[in-house]
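Q: Have a look at this one.
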Amino acid sequence: MSEPLKQTIAQERLLQVIRQPHMSEKGTIIGEKHRHFIFKVATDANKLEIKQAVEFIFNVKVLNVRVVNVRGKVSQFKQQLGKRKGWKKAYVALEEGNDIDFMGTK
């Protein structure tokens with residue numbers, strides 16, 4: 001494979017790693033206090049891919065990444081049992097002076 005093709009494939013993978021930001025009350029408190037951002041990520045992504053994806057997409061420097069596998073909850077409706085899918089959550093800490101603005105306002 002040629003070098004530009006490999007780079008294009010790698011960039012496509014990085015765009016698929018980050019699914020969406022995870023907004024919650026706990027996440028907001030952590031973000032304001034410790035400058036962490038929380039993302040839902042692909043279940044097969046590792047820390048290095050997550051770091052590269054955040055740096056590529058948001059043009060920031062990442063200090064560290066912590067990953068949590070969230071188990072799917074078992075639910076019951078009458079006699080019918082079901083289970084939600086599990087997912088992966090990443091806590092991303094940014095270096096000093098970097099910030100991500102999801103609202104797009106200045």
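Residues are named by chain letter and number: chains run A, B, ... in the order of the structure tokens, numbers start at 1 in each chain, and ligands are numbered from 1 in the order shown.
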Please return, as a ChimeraX atom specification, all residues of chain A that DSSP assigns to alpha helix (DSSP H) on the basis of the backbone.
A: /A:3-17,25-34,47-58
Q: Generate the output file for the selected residues, N, CA and C atoms, as a CSV table (one decimal), in the first residue's frame.
A:
```
chain,number,residue,atom,x,y,z
A,3,GLU,N,1.9,5.1,0.9
A,3,GLU,CA,1.9,5.9,2.2
A,3,GLU,C,0.6,6.8,2.3
A,4,PRO,N,0.2,7.5,1.3
A,4,PRO,CA,-1.0,8.4,1.5
A,4,PRO,C,-2.3,7.5,1.7
A,5,LEU,N,-2.3,6.3,1.1
A,5,LEU,CA,-3.5,5.5,1.4
A,5,LEU,C,-3.5,5.0,2.8
A,6,LYS,N,-2.3,4.6,3.4
A,6,LYS,CA,-2.2,4.1,4.7
A,6,LYS,C,-2.7,5.3,5.7
A,7,GLN,N,-2.2,6.5,5.4
A,7,GLN,CA,-2.6,7.6,6.2
A,7,GLN,C,-4.1,7.9,6.2
A,8,THR,N,-4.7,7.8,5.0
A,8,THR,CA,-6.1,8.0,4.9
A,8,THR,C,-6.9,7.0,5.7
A,9,ILE,N,-6.5,5.7,5.6
A,9,ILE,CA,-7.1,4.6,6.4
A,9,ILE,C,-7.0,4.9,7.9
A,10,ALA,N,-5.8,5.3,8.3
A,10,ALA,CA,-5.6,5.6,9.7
A,10,ALA,C,-6.5,6.8,10.2
A,11,GLN,N,-6.6,7.8,9.4
A,11,GLN,CA,-7.5,8.9,9.7
A,11,GLN,C,-8.9,8.5,9.8
A,12,GLU,N,-9.4,7.7,8.9
A,12,GLU,CA,-10.8,7.2,9.0
A,12,GLU,C,-11.0,6.4,10.2
A,13,ARG,N,-10.0,5.6,10.7
A,13,ARG,CA,-10.1,4.8,11.9
A,13,ARG,C,-10.2,5.8,13.1
A,14,LEU,N,-9.4,6.8,13.1
A,14,LEU,CA,-9.5,7.8,14.2
A,14,LEU,C,-10.8,8.5,14.3
A,15,LEU,N,-11.4,8.7,13.2
A,15,LEU,CA,-12.8,9.4,13.2
A,15,LEU,C,-13.9,8.4,13.7
A,16,GLN,N,-13.6,7.1,13.6
A,16,GLN,CA,-14.6,6.1,14.1
A,16,GLN,C,-14.4,5.8,15.5
A,17,VAL,N,-13.3,6.1,16.1
A,17,VAL,CA,-13.0,5.8,17.5
A,17,VAL,C,-13.9,6.5,18.5
A,25,GLU,N,-24.3,14.6,34.9
A,25,GLU,CA,-24.0,15.5,36.0
A,25,GLU,C,-22.6,15.2,36.6
A,26,LYS,N,-22.3,13.9,36.7
A,26,LYS,CA,-21.0,13.6,37.2
A,26,LYS,C,-19.9,14.0,36.3
A,27,GLY,N,-20.1,13.9,35.0
A,27,GLY,CA,-19.1,14.3,34.0
A,27,GLY,C,-18.9,15.8,34.0
A,28,THR,N,-19.9,16.6,34.2
A,28,THR,CA,-19.8,18.0,34.3
A,28,THR,C,-19.0,18.4,35.5
A,29,ILE,N,-19.2,17.8,36.6
A,29,ILE,CA,-18.5,18.1,37.8
A,29,ILE,C,-17.0,17.8,37.7
A,30,ILE,N,-16.7,16.6,37.1
A,30,ILE,CA,-15.3,16.2,36.9
A,30,ILE,C,-14.7,17.1,35.9
A,31,GLY,N,-15.4,17.5,34.8
A,31,GLY,CA,-14.8,18.4,33.8
A,31,GLY,C,-14.4,19.8,34.4
A,32,GLU,N,-15.3,20.3,35.2
A,32,GLU,CA,-15.0,21.6,35.8
A,32,GLU,C,-13.9,21.6,36.8
A,33,LYS,N,-13.9,20.5,37.6
A,33,LYS,CA,-12.9,20.4,38.7
A,33,LYS,C,-11.5,20.0,38.2
A,34,HIS,N,-11.5,19.0,37.3
A,34,HIS,CA,-10.2,18.4,37.0
A,34,HIS,C,-9.8,18.5,35.5
A,47,LYS,N,-6.3,2.8,24.5
A,47,LYS,CA,-5.9,4.2,25.0
A,47,LYS,C,-5.2,5.0,24.0
A,48,LEU,N,-4.2,4.4,23.3
A,48,LEU,CA,-3.4,5.1,22.3
A,48,LEU,C,-4.3,5.6,21.1
A,49,GLU,N,-5.2,4.8,20.6
A,49,GLU,CA,-6.1,5.2,19.6
A,49,GLU,C,-7.0,6.4,20.0
A,50,ILE,N,-7.5,6.3,21.3
A,50,ILE,CA,-8.4,7.3,21.8
A,50,ILE,C,-7.6,8.7,21.9
A,51,LYS,N,-6.4,8.6,22.4
A,51,LYS,CA,-5.5,9.8,22.5
A,51,LYS,C,-5.3,10.4,21.2
A,52,GLN,N,-4.9,9.6,20.2
A,52,GLN,CA,-4.7,10.1,18.8
A,52,GLN,C,-5.9,10.7,18.2
A,53,ALA,N,-7.1,10.1,18.5
A,53,ALA,CA,-8.3,10.5,17.9
A,53,ALA,C,-8.7,11.9,18.4
A,54,VAL,N,-8.6,12.1,19.8
A,54,VAL,CA,-9.0,13.3,20.4
A,54,VAL,C,-8.0,14.4,19.9
A,55,GLU,N,-6.7,14.1,19.8
A,55,GLU,CA,-5.8,15.1,19.3
A,55,GLU,C,-6.0,15.5,17.9
A,56,PHE,N,-6.4,14.5,17.1
A,56,PHE,CA,-6.7,14.7,15.6
A,56,PHE,C,-8.0,15.5,15.4
A,57,ILE,N,-9.0,15.2,16.1
A,57,ILE,CA,-10.3,15.8,15.9
A,57,ILE,C,-10.4,17.2,16.5
A,58,PHE,N,-10.0,17.3,17.7
A,58,PHE,CA,-10.2,18.6,18.4
A,58,PHE,C,-8.9,19.5,18.4
```
Q: I'd like the neighbourhood of region 65-76 of chain A as a VMD selection string, where a residue qualifies if any of its atoms comes within 10 Å (using only C-alpha atoms), though same-chain residues fewer than 2 positions away should be ignored.
A: chain A and resid 36 to 41 43 45 to 48 50 to 51 62 to 63 78 to 94
Q: What is the distance between CA of Glu95 (chain A) and CA of Arg19 (chain A), in Å to one decimal?
A: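 So the two atoms, CA of Glu95 (chain A) and CA of Arg19 (chain A), lie 22.0 Å apart.
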Q: For the structure I just gave you, how does DSSP split region 14-72 of chain A - specifically, which residues are strand (DSSP E or B)? Reply as a list in words.
A: Ile18, Arg19, Gln20, Pro21, His36, Phe37, Ile38, Phe39, Lys40, Val41, Val62, Leu63, Asn64, Val65, Arg66, Val67, Val68, Asn69 and Val70 of chain A
